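One file, work_35.cif, is given below (mmCIF, C-alpha atoms and all ligand atoms).
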data_structure
#
loop_
_atom_site.group_PDB
_atom_site.id
_atom_site.type_symbol
_atom_site.label_atom_id
_atom_site.label_comp_id
_atom_site.auth_asym_id
_atom_site.auth_seq_id
_atom_site.Cartn_x
_atom_site.Cartn_y
_atom_site.Cartn_z
ATOM 1 C CA MET A 27 -51.505 0.952 178.227
ATOM 2 C CA GLY A 28 -54.196 -0.164 175.833
ATOM 3 C CA THR A 29 -53.711 -2.443 172.842
ATOM 4 C CA PRO A 30 -56.202 -3.403 170.100
ATOM 5 C CA ILE A 31 -59.072 -5.818 170.836
ATOM 6 C CA GLY A 32 -59.065 -7.127 167.278
ATOM 7 C CA ASN A 33 -58.273 -4.403 164.794
ATOM 8 C CA LEU A 34 -54.559 -3.580 164.693
ATOM 9 C CA GLY A 35 -55.455 -0.158 163.319
ATOM 10 C CA ASP A 36 -56.560 0.705 166.862
ATOM 11 C CA LEU A 37 -52.986 0.753 168.162
ATOM 12 C CA THR A 38 -52.494 4.451 168.836
ATOM 13 C CA PRO A 39 -49.415 6.462 167.772
ATOM 14 C CA ARG A 40 -48.792 7.178 171.451
ATOM 15 C CA ALA A 41 -48.911 3.472 172.302
ATOM 16 C CA ILE A 42 -46.324 2.802 169.587
ATOM 17 C CA GLU A 43 -44.055 5.577 170.937
ATOM 18 C CA THR A 44 -44.406 4.273 174.474
ATOM 19 C CA LEU A 45 -43.653 0.675 173.532
ATOM 20 C CA ALA A 46 -40.614 1.805 171.547
ATOM 21 C CA ALA A 47 -39.284 3.934 174.396
ATOM 22 C CA ALA A 48 -39.925 1.492 177.273
ATOM 23 C CA ASP A 49 -36.997 -0.213 178.972
ATOM 24 C CA LEU A 50 -39.267 -3.131 179.812
ATOM 25 C CA VAL A 51 -42.629 -4.244 178.410
ATOM 26 C CA CYS A 52 -44.644 -6.423 180.796
ATOM 27 C CA CYS A 53 -47.056 -8.582 178.807
ATOM 28 C CA GLU A 54 -49.203 -11.685 179.217
ATOM 29 C CA ASP A 55 -47.763 -13.573 176.280
ATOM 30 C CA THR A 56 -44.456 -12.683 174.633
ATOM 31 C CA ARG A 57 -45.451 -14.230 171.296
ATOM 32 C CA ARG A 58 -48.695 -12.286 171.082
ATOM 33 C CA THR A 59 -47.116 -8.985 172.126
ATOM 34 C CA GLY A 60 -44.142 -9.803 169.901
ATOM 35 C CA ARG A 61 -46.506 -9.930 166.908
ATOM 36 C CA LEU A 62 -47.992 -6.573 167.901
ATOM 37 C CA LEU A 63 -44.514 -5.030 168.182
ATOM 38 C CA GLN A 64 -43.560 -6.495 164.837
ATOM 39 C CA HIS A 65 -46.702 -5.009 163.274
ATOM 40 C CA ALA A 66 -45.713 -1.610 164.683
ATOM 41 C CA GLY A 67 -42.124 -2.032 163.476
ATOM 42 C CA ILE A 68 -40.716 -1.902 167.020
ATOM 43 C CA ARG A 69 -37.968 -3.880 168.720
ATOM 44 C CA ALA A 70 -38.741 -3.719 172.453
ATOM 45 C CA ALA A 71 -35.771 -3.408 174.791
ATOM 46 C CA ALA A 72 -37.029 -6.310 176.926
ATOM 47 C CA LEU A 73 -40.221 -8.308 177.486
ATOM 48 C CA ARG A 74 -41.344 -9.917 180.738
ATOM 49 C CA VAL A 75 -44.324 -12.241 181.187
ATOM 50 C CA VAL A 76 -46.825 -10.886 183.700
ATOM 51 C CA ASN A 77 -49.908 -13.014 184.222
ATOM 52 C CA ASP A 78 -52.055 -14.111 187.177
ATOM 53 C CA HIS A 79 -49.298 -16.477 188.338
ATOM 54 C CA THR A 80 -46.279 -14.241 187.797
ATOM 55 C CA GLU A 81 -47.538 -10.729 188.528
ATOM 56 C CA ASP A 82 -46.712 -10.744 192.265
ATOM 57 C CA GLY A 83 -43.230 -12.086 191.518
ATOM 58 C CA ALA A 84 -42.616 -9.290 188.995
ATOM 59 C CA VAL A 85 -43.326 -6.467 191.435
ATOM 60 C CA GLY A 86 -39.807 -6.388 192.955
ATOM 61 C CA ASP A 87 -38.032 -6.196 189.590
ATOM 62 C CA VAL A 88 -40.444 -3.578 188.233
ATOM 63 C CA LEU A 89 -40.062 -1.353 191.313
ATOM 64 C CA ALA A 90 -36.268 -1.709 191.165
ATOM 65 C CA ARG A 91 -36.261 -0.672 187.503
ATOM 66 C CA LEU A 92 -38.542 2.302 188.185
ATOM 67 C CA GLY A 93 -36.176 3.237 191.021
ATOM 68 C CA ARG A 94 -33.297 3.354 188.491
ATOM 69 C CA GLY A 95 -35.346 5.743 186.362
ATOM 70 C CA GLU A 96 -36.379 3.163 183.769
ATOM 71 C CA VAL A 97 -39.728 3.224 181.947
ATOM 72 C CA VAL A 98 -41.896 0.108 182.286
ATOM 73 C CA ALA A 99 -44.888 -0.419 179.977
ATOM 74 C CA VAL A 100 -47.676 -2.818 181.001
ATOM 75 C CA VAL A 101 -49.881 -4.383 178.336
ATOM 76 C CA SER A 102 -52.232 -7.358 178.291
ATOM 77 C CA ASP A 103 -53.105 -9.573 175.326
ATOM 78 C CA ALA A 104 -55.856 -7.184 174.245
ATOM 79 C CA GLY A 105 -57.616 -4.086 175.507
ATOM 80 C CA MET A 106 -56.748 -2.317 178.731
ATOM 81 C CA PRO A 107 -54.650 -4.143 181.337
ATOM 82 C CA GLY A 108 -56.284 -4.525 184.738
ATOM 83 C CA ILE A 109 -59.753 -4.916 183.215
ATOM 84 C CA SER A 110 -60.320 -8.661 183.713
ATOM 85 C CA ASP A 111 -56.613 -8.882 182.922
ATOM 86 C CA PRO A 112 -53.304 -8.681 184.802
ATOM 87 C CA GLY A 113 -51.716 -5.315 185.511
ATOM 88 C CA GLU A 114 -53.655 -4.051 188.506
ATOM 89 C CA ARG A 115 -51.155 -5.303 191.090
ATOM 90 C CA LEU A 116 -48.163 -3.770 189.297
ATOM 91 C CA VAL A 117 -49.936 -0.420 189.048
ATOM 92 C CA ALA A 118 -50.975 -0.574 192.706
ATOM 93 C CA ALA A 119 -47.427 -1.384 193.848
ATOM 94 C CA ALA A 120 -45.858 1.370 191.724
ATOM 95 C CA ALA A 121 -48.429 3.925 192.891
ATOM 96 C CA GLU A 122 -47.952 2.864 196.518
ATOM 97 C CA ALA A 123 -44.177 3.299 196.127
ATOM 98 C CA GLY A 124 -44.745 6.828 194.830
ATOM 99 C CA PHE A 125 -43.710 6.317 191.184
ATOM 100 C CA THR A 126 -45.379 8.263 188.387
ATOM 101 C CA ILE A 127 -48.120 6.323 186.592
ATOM 102 C CA GLU A 128 -49.208 7.432 183.132
ATOM 103 C CA VAL A 129 -52.034 5.832 181.216
ATOM 104 C CA VAL A 130 -51.899 5.348 177.459
ATOM 105 C CA PRO A 131 -55.590 4.705 176.751
ATOM 106 C CA GLY A 132 -56.749 2.252 174.139
ATOM 107 C CA PRO A 133 -59.865 0.231 173.387
ATOM 108 C CA SER A 134 -61.588 -1.878 176.008
ATOM 109 C CA ALA A 135 -64.234 -4.404 174.984
ATOM 110 C CA ALA A 136 -66.502 -3.357 177.874
ATOM 111 C CA ILE A 137 -66.666 0.332 176.968
ATOM 112 C CA SER A 138 -66.828 -0.407 173.234
ATOM 113 C CA ALA A 139 -69.782 -2.788 173.708
ATOM 114 C CA LEU A 140 -71.571 -0.426 176.094
ATOM 115 C CA VAL A 141 -71.296 2.536 173.736
ATOM 116 C CA ALA A 142 -72.575 0.529 170.758
ATOM 117 C CA SER A 143 -75.375 -1.118 172.762
ATOM 118 C CA GLY A 144 -77.676 1.875 172.772
ATOM 119 C CA LEU A 145 -78.578 0.996 176.373
ATOM 120 C CA PRO A 146 -78.200 3.715 179.027
ATOM 121 C CA ALA A 147 -74.474 4.427 179.342
ATOM 122 C CA GLY A 148 -74.578 7.307 181.823
ATOM 123 C CA ARG A 149 -74.194 4.913 184.753
ATOM 124 C CA PHE A 150 -73.193 1.291 184.413
ATOM 125 C CA ALA A 151 -71.846 -1.640 186.422
ATOM 126 C CA PHE A 152 -68.949 -3.676 185.059
ATOM 127 C CA GLU A 153 -69.228 -7.285 186.246
ATOM 128 C CA GLY A 154 -66.405 -8.815 184.167
ATOM 129 C CA PHE A 155 -66.625 -12.630 184.147
ATOM 130 C CA LEU A 156 -69.178 -14.182 186.526
ATOM 131 C CA PRO A 157 -67.808 -16.935 188.765
ATOM 132 C CA ARG A 158 -68.369 -20.216 186.912
ATOM 133 C CA LYS A 159 -70.376 -21.952 189.649
ATOM 134 C CA GLY A 160 -71.280 -22.146 193.303
ATOM 135 C CA SER A 161 -72.500 -19.513 195.715
ATOM 136 C CA GLY A 162 -70.203 -16.895 194.149
ATOM 137 C CA ARG A 163 -72.172 -17.172 190.898
ATOM 138 C CA THR A 164 -75.566 -17.260 192.641
ATOM 139 C CA GLU A 165 -74.736 -14.162 194.688
ATOM 140 C CA ARG A 166 -73.548 -12.163 191.697
ATOM 141 C CA LEU A 167 -76.657 -13.152 189.701
ATOM 142 C CA ALA A 168 -78.848 -12.088 192.625
ATOM 143 C CA ALA A 169 -77.100 -8.702 192.740
ATOM 144 C CA ILE A 170 -77.607 -8.240 188.982
ATOM 145 C CA VAL A 171 -81.368 -8.840 189.310
ATOM 146 C CA GLY A 172 -81.836 -5.622 191.277
ATOM 147 C CA GLU A 173 -79.057 -3.591 189.622
ATOM 148 C CA ARG A 174 -80.622 -0.472 188.138
ATOM 149 C CA ARG A 175 -77.582 0.490 186.084
ATOM 150 C CA THR A 176 -76.719 -1.146 182.751
ATOM 151 C CA VAL A 177 -74.611 -4.252 183.463
ATOM 152 C CA VAL A 178 -71.610 -5.207 181.316
ATOM 153 C CA LEU A 179 -70.345 -8.800 181.428
ATOM 154 C CA TYR A 180 -67.561 -10.684 179.711
ATOM 155 C CA GLU A 181 -68.096 -14.316 178.776
ATOM 156 C CA ALA A 182 -66.227 -17.073 176.954
ATOM 157 C CA PRO A 183 -68.118 -18.318 173.858
ATOM 158 C CA HIS A 184 -68.726 -21.840 175.193
ATOM 159 C CA ARG A 185 -70.350 -20.419 178.340
ATOM 160 C CA VAL A 186 -72.503 -17.723 176.694
ATOM 161 C CA ALA A 187 -75.615 -19.947 176.388
ATOM 162 C CA ARG A 188 -75.472 -21.041 180.037
ATOM 163 C CA THR A 189 -74.923 -17.498 181.305
ATOM 164 C CA LEU A 190 -77.818 -16.178 179.213
ATOM 165 C CA ALA A 191 -80.054 -18.944 180.588
ATOM 166 C CA ASP A 192 -79.025 -18.099 184.169
ATOM 167 C CA LEU A 193 -79.595 -14.380 183.574
ATOM 168 C CA ALA A 194 -83.026 -15.074 182.064
ATOM 169 C CA ALA A 195 -83.963 -17.337 184.993
ATOM 170 C CA SER A 196 -82.899 -14.643 187.486
ATOM 171 C CA CYS A 197 -83.969 -11.418 185.772
ATOM 172 C CA GLY A 198 -86.908 -12.690 183.712
ATOM 173 C CA GLY A 199 -87.045 -13.125 179.953
ATOM 174 C CA ASP A 200 -88.212 -9.585 179.175
ATOM 175 C CA ARG A 201 -85.058 -7.706 180.184
ATOM 176 C CA ARG A 202 -83.290 -6.122 177.172
ATOM 177 C CA ILE A 203 -79.805 -7.353 176.285
ATOM 178 C CA VAL A 204 -77.246 -6.683 173.568
ATOM 179 C CA LEU A 205 -74.726 -9.370 172.601
ATOM 180 C CA ALA A 206 -71.644 -7.631 171.227
ATOM 181 C CA ARG A 207 -69.547 -10.083 169.274
ATOM 182 C CA GLU A 208 -66.113 -9.829 167.662
ATOM 183 C CA LEU A 209 -65.827 -6.090 168.262
ATOM 184 C CA THR A 210 -63.588 -4.201 165.816
ATOM 185 C CA LYS A 211 -63.087 -7.428 163.805
ATOM 186 C CA LEU A 212 -64.337 -8.506 160.388
ATOM 187 C CA HIS A 213 -67.439 -10.225 161.772
ATOM 188 C CA GLU A 214 -68.420 -7.604 164.359
ATOM 189 C CA GLU A 215 -72.067 -8.009 165.311
ATOM 190 C CA HIS A 216 -74.484 -6.477 167.823
ATOM 191 C CA TRP A 217 -77.485 -8.705 168.498
ATOM 192 C CA ARG A 218 -80.287 -6.806 170.253
ATOM 193 C CA GLY A 219 -83.339 -8.262 171.941
ATOM 194 C CA THR A 220 -84.650 -9.667 175.203
ATOM 195 C CA LEU A 221 -83.046 -12.256 177.476
ATOM 196 C CA ALA A 222 -85.621 -14.834 176.327
ATOM 197 C CA GLY A 223 -84.771 -14.044 172.700
ATOM 198 C CA ALA A 224 -81.039 -14.228 173.430
ATOM 199 C CA VAL A 225 -81.417 -17.692 174.981
ATOM 200 C CA GLN A 226 -83.178 -18.807 171.795
ATOM 201 C CA HIS A 227 -80.570 -17.059 169.618
ATOM 202 C CA ALA A 228 -77.729 -18.875 171.422
ATOM 203 C CA ALA A 229 -79.565 -22.171 170.854
ATOM 204 C CA ASP A 230 -80.062 -21.411 167.137
ATOM 205 C CA VAL A 231 -76.562 -20.100 166.404
ATOM 206 C CA GLU A 232 -73.707 -21.649 168.371
ATOM 207 C CA PRO A 233 -71.801 -18.749 169.986
ATOM 208 C CA ARG A 234 -68.335 -18.347 168.465
ATOM 209 C CA GLY A 235 -65.719 -15.648 168.875
ATOM 210 C CA GLU A 236 -65.525 -13.115 171.667
ATOM 211 C CA TYR A 237 -68.607 -11.750 173.414
ATOM 212 C CA VAL A 238 -69.582 -8.914 175.710
ATOM 213 C CA LEU A 239 -73.080 -9.067 177.230
ATOM 214 C CA VAL A 240 -74.699 -5.687 177.876
ATOM 215 C CA LEU A 241 -77.800 -6.043 180.029
ATOM 216 C CA ASP A 242 -80.367 -3.337 180.657
ATOM 217 C CA GLY A 243 -80.733 -2.296 184.297
ATOM 218 C CA ALA A 244 -83.631 -3.433 186.475
ATOM 219 C CA PRO A 245 -86.815 -1.439 185.907
ATOM 220 C CA GLU A 246 -87.854 1.215 188.438
ATOM 221 C CA PRO A 247 -90.073 -0.439 191.018
ATOM 222 C CA ALA A 248 -93.681 0.649 190.550
ATOM 223 C CA GLU A 249 -94.764 3.184 193.148
ATOM 224 C CA VAL A 250 -96.830 1.648 195.962
ATOM 225 C CA THR A 251 -100.083 3.576 196.414
ATOM 226 C CA ASP A 252 -102.208 3.866 199.554
ATOM 227 C CA GLY A 253 -104.785 1.775 197.676
ATOM 228 C CA ASP A 254 -102.237 -1.044 197.224
ATOM 229 C CA ILE A 255 -101.489 -0.985 200.948
ATOM 230 C CA ALA A 256 -105.184 -0.947 201.914
ATOM 231 C CA ALA A 257 -105.890 -3.909 199.607
ATOM 232 C CA ALA A 258 -102.949 -5.888 201.019
ATOM 233 C CA LEU A 259 -104.048 -5.095 204.590
ATOM 234 C CA ALA A 260 -107.583 -6.257 203.835
ATOM 235 C CA GLN A 261 -106.243 -9.484 202.390
ATOM 236 C CA ALA A 262 -103.969 -10.146 205.378
ATOM 237 C CA ARG A 263 -106.795 -9.471 207.834
ATOM 238 C CA ALA A 264 -109.194 -11.667 205.878
ATOM 239 C CA ALA A 265 -106.607 -14.433 206.243
ATOM 240 C CA GLY A 266 -106.842 -14.004 210.025
ATOM 241 C CA ALA A 267 -103.816 -11.788 210.770
ATOM 242 C CA SER A 268 -103.994 -9.356 213.698
ATOM 243 C CA THR A 269 -103.538 -5.655 212.862
ATOM 244 C CA ARG A 270 -99.981 -5.822 214.180
ATOM 245 C CA ASP A 271 -99.071 -8.890 212.128
ATOM 246 C CA ALA A 272 -100.840 -7.549 209.042
ATOM 247 C CA VAL A 273 -98.853 -4.274 209.265
ATOM 248 C CA THR A 274 -95.524 -6.138 209.590
ATOM 249 C CA GLU A 275 -96.382 -8.512 206.755
ATOM 250 C CA VAL A 276 -97.621 -5.830 204.335
ATOM 251 C CA ALA A 277 -94.710 -3.463 205.036
ATOM 252 C CA ALA A 278 -92.231 -6.262 204.263
ATOM 253 C CA ASP A 279 -94.118 -7.516 201.183
ATOM 254 C CA LEU A 280 -94.538 -4.088 199.586
ATOM 255 C CA GLY A 281 -91.206 -2.681 200.763
ATOM 256 C CA VAL A 282 -92.772 0.366 202.472
ATOM 257 C CA ALA A 283 -92.315 1.916 205.920
ATOM 258 C CA LYS A 284 -94.210 0.212 208.741
ATOM 259 C CA ARG A 285 -95.268 3.669 209.990
ATOM 260 C CA ARG A 286 -97.121 4.339 206.729
ATOM 261 C CA VAL A 287 -98.894 0.963 206.786
ATOM 262 C CA TYR A 288 -99.807 1.374 210.470
ATOM 263 C CA ALA A 289 -101.311 4.828 209.810
ATOM 264 C CA LEU A 290 -103.516 3.379 207.061
ATOM 265 C CA ALA A 291 -104.435 0.312 209.136
ATOM 266 C CA THR A 292 -105.670 2.479 212.017
ATOM 267 C CA SER A 293 -107.259 5.350 210.101
HETATM 268 N N1 LIG B 1 -58.693 -6.280 179.157
HETATM 269 C C1 LIG B 1 -59.631 -6.549 178.103
HETATM 270 C C2 LIG B 1 -60.433 -5.286 177.799
HETATM 271 O O1 LIG B 1 -60.042 -4.212 178.225
HETATM 272 O O2 LIG B 1 -61.439 -5.396 177.124
HETATM 273 C C3 LIG B 1 -60.522 -7.729 178.439
HETATM 274 C C4 LIG B 1 -59.771 -8.990 178.653
HETATM 275 S S1 LIG B 1 -60.764 -10.347 179.091
HETATM 276 C C5 LIG B 1 -59.555 -11.523 179.521
HETATM 277 C C6 LIG B 1 -61.291 -10.997 177.547
HETATM 278 C C7 LIG B 1 -62.795 -10.863 177.348
HETATM 279 O O3 LIG B 1 -63.097 -9.555 176.844
HETATM 280 C C8 LIG B 1 -63.356 -11.810 176.312
HETATM 281 O O4 LIG B 1 -63.668 -13.065 176.883
HETATM 282 C C9 LIG B 1 -64.600 -11.087 175.853
HETATM 283 O O5 LIG B 1 -65.640 -11.247 176.789
HETATM 284 C C10 LIG B 1 -64.117 -9.640 175.882
HETATM 285 N N2 LIG B 1 -63.543 -9.245 174.589
HETATM 286 C C11 LIG B 1 -62.251 -8.999 174.310
HETATM 287 N N3 LIG B 1 -62.123 -8.641 173.007
HETATM 288 C C12 LIG B 1 -63.356 -8.646 172.469
HETATM 289 C C13 LIG B 1 -63.881 -8.388 171.179
HETATM 290 N N4 LIG B 1 -63.107 -8.026 170.163
HETATM 291 N N5 LIG B 1 -65.217 -8.509 170.994
HETATM 292 C C14 LIG B 1 -66.034 -8.867 171.999
HETATM 293 N N6 LIG B 1 -65.582 -9.135 173.246
HETATM 294 C C15 LIG B 1 -64.275 -9.032 173.473
#
Would you give me this structure, written as structure tokens?
Ligand code: SAM
Amino acid sequence: MGTPIGNLGDLTPRAIETLAAADLVCCEDTRRTGRLLQHAGIRAAALRVVNDHTEDGAVGDVLARLGRGEVVAVVSDAGMPGISDPGERLVAAAAEAGFTIEVVPGPSAAISALVASGLPAGRFAFEGFLPRKGSGRTERLAAIVGERRTVVLYEAPHRVARTLADLAASCGGDRRIVLARELTKLHEEHWRGTLAGAVQHAADVEPRGEYVLVLDGAPEPAEVTDGDIAAALAQARAAGASTRDAVTEVAADLGVAKRRVYALATS
């Protein structure tokens, strides 16, 4: 079930009812969820810590409770569980065991940022947090370069500048981006501009608070005309390539079918 991402007013009446009725509330941090329960005037029957380290160990107890007909609520510190947060494994295990799963929807920073970004929201790719380094990071950045859908990323404030620089280096400085900061909180802000501008912005104003990065999708590749192919063929031949080699080279460079290039090369 969803919990607020900053504004306690976003705790829904149904979430309050569910928390009050649950036999067990699985949460990341008992103090944080305790404060939320206190705000809602609820005394939960029982709380259990479920985080990256303890989620697998909690599965047995949760399934046993569900088997006895108990109701188990799963929350994370903020937003929807399972979205860059624990919860997914408990849901998967309960679903696999045939128990009823009900969702109590609430805010999620990703959807909130996407909707407010003004960037195309019809299709989007949620990337969560990028790996911090290594080939995992390089591969994900490479995939983002060609991603045509709007891309939504989470990032910790002290890594925002570095991630913006890496995105600008990979995607080019002209790609549009919206930096959604402190959503639903007092200092909510949506900075809109290009990747190059965002790199400068992060250098001018040290990123603080919570951020979602909403990146425009890659532009449609320009259509390759017969004229483009003929010009590339002429260039390859002038450089000494045989017809066969020129066709292979041009087809690969322009991303078009070899058959089409061959037909133009021999017409
Ligand atoms: N499960 C959560 C959800 O549904 O949004 C996300 C949890 S993830 C561990 C935390 C990240 O979400 C933060 O680092 C930040 O990128 C983003 N986030 C959470 N709350 C936010 C807020 N109020 N404003 C902007 N970003 C937020």
request  = Please write out the residues within 10 Å of ligand LIG 1 (chain B) as a PyMOL selection string, counting all atoms listed in the file.
outcome  = chain A and resi 27-33+101-113+132-139+154-155+178-183+186+205-216+235-239
key: Given only C-alpha atoms as the counted atoms, nearest of A:Leu221, A:Ala228, A:Cys197, A:Ala278 to A:Arg185   = A:Ala228
query = With all atoms listed in the file as the atoms that count, which of A:Ala123, A:Leu62, A:Ala47, A:Ala84 lies nearest to A:Val97?
reply =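 Looking at the shortest contact to A:Val97, the residue is A:Ala47.
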Nearest-residue call for A:Pro245, choices A:Ala289, A:Asp230, A:Thr176, A:Thr269, using only C-alpha atoms =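 Of all the options, A:Thr176 lies closest to A:Pro245.
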task = Decode the PyMOL selection byres (((chain A and resi 200) around 9) and not hetatm) for the given file into explicit residues and return them as an NGL selection string.
result = :A and (194 or 197-199 or 201-202 or 219-223)
message = Can you measure atom CA of A:Leu156 to atom CA of A:Glu232 for me? One decimal in Å is fine.
response =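 Atom CA of A:Glu232 lies at a distance of 20.1 Å from atom CA of A:Leu156.
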task = Excluding A:Ala244 and any residue of its chain fewer than 5 positions from it, enumerate the residues within 12 Å of it, using all atoms listed in the file, and give them as an MDAnalysis selection string.
result = chainID A and resid 146 150:151 168:177 196:198 200:203
For the residues in that selection, give me C-alpha atoms as an mmCIF file, keeping the file's coordinate frame.
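Output contents, as saved in result_21.cif:
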data_model
loop_
_atom_site.group_PDB
_atom_site.id
_atom_site.type_symbol
_atom_site.label_atom_id
_atom_site.label_comp_id
_atom_site.auth_asym_id
_atom_site.auth_seq_id
_atom_site.Cartn_x
_atom_site.Cartn_y
_atom_site.Cartn_z
ATOM 1 C CA PRO A 146 -78.200 3.715 179.027
ATOM 2 C CA PHE A 150 -73.193 1.291 184.413
ATOM 3 C CA ALA A 151 -71.846 -1.640 186.422
ATOM 4 C CA ALA A 168 -78.848 -12.088 192.625
ATOM 5 C CA ALA A 169 -77.100 -8.702 192.740
ATOM 6 C CA ILE A 170 -77.607 -8.240 188.982
ATOM 7 C CA VAL A 171 -81.368 -8.840 189.310
ATOM 8 C CA GLY A 172 -81.836 -5.622 191.277
ATOM 9 C CA GLU A 173 -79.057 -3.591 189.622
ATOM 10 C CA ARG A 174 -80.622 -0.472 188.138
ATOM 11 C CA ARG A 175 -77.582 0.490 186.084
ATOM 12 C CA THR A 176 -76.719 -1.146 182.751
ATOM 13 C CA VAL A 177 -74.611 -4.252 183.463
ATOM 14 C CA SER A 196 -82.899 -14.643 187.486
ATOM 15 C CA CYS A 197 -83.969 -11.418 185.772
ATOM 16 C CA GLY A 198 -86.908 -12.690 183.712
ATOM 17 C CA ASP A 200 -88.212 -9.585 179.175
ATOM 18 C CA ARG A 201 -85.058 -7.706 180.184
ATOM 19 C CA ARG A 202 -83.290 -6.122 177.172
ATOM 20 C CA ILE A 203 -79.805 -7.353 176.285
#
request  = Work out how far apart atom CA of A:Val282 and atom CA of A:Thr164 are and give it in Å to one decimal.
outcome  =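 Going from atom CA of A:Val282 over to atom CA of A:Thr164, I get 26.5 Å.
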request  = Let me know the residues the PyMOL selection byres (((chain A and resi 77) around 9) and not hetatm) catches in the file above, as a ChimeraX atom specification.
outcome  = /A:53-55,75-76,78-82,102,111-113
query = Any idea what the distance is between atom CA of A:Pro233 and atom CA of A:Asp192?
reply =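 So the answer is 15.9 Å.
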request  = Within 12 Å of A:Ala260, counting only C-alpha atoms, which residues show up once you throw out same-chain ones fewer than 4 positions away? Write them as a list in words, please.
outcome  =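 That gives Gly253, Asp254, Ile255, Ala256, Ala264, Ala265, Gly266, Ala267, Ser268, Thr269, Ala272, Val273, Glu275, Val276, Val287, Leu290 and Ala291 of chain A.
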message = So, with all atoms listed in the file as the atoms that count, which of A:Val85, A:Leu37, A:Val130, A:Leu140 lies closest to A:Glu114?
response =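 Among the listed residues, the smallest separation from A:Glu114 belongs to A:Val85.
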ask   = Which residues fall under the PyMOL selection byres (((chain A and resi 43) around 12) and not hetatm) in this file, as a PyMOL selection string?
value = chain A and resi 27+37-42+44-48+63+66-70+99+130
task = Rank nothing, just name the residue among A:Val117, A:Ala224, A:Val204, A:Ala248 nearest to A:Ala142, using only C-alpha atoms.
result =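 Among A:Val117, A:Ala224, A:Val204, A:Ala248, it is A:Val204 that comes nearest to A:Ala142.
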Six-sided padding of 3 Å per side, axis-aligned box over stretch 117-135 of chain A, centre and edges in Å, one decimal, as AutoDock Vina command-line options:
--center_x -54.0 --center_y 1.9 --center_z 185.0 --size_x 26.5 --size_y 18.7 --size_z 29.1
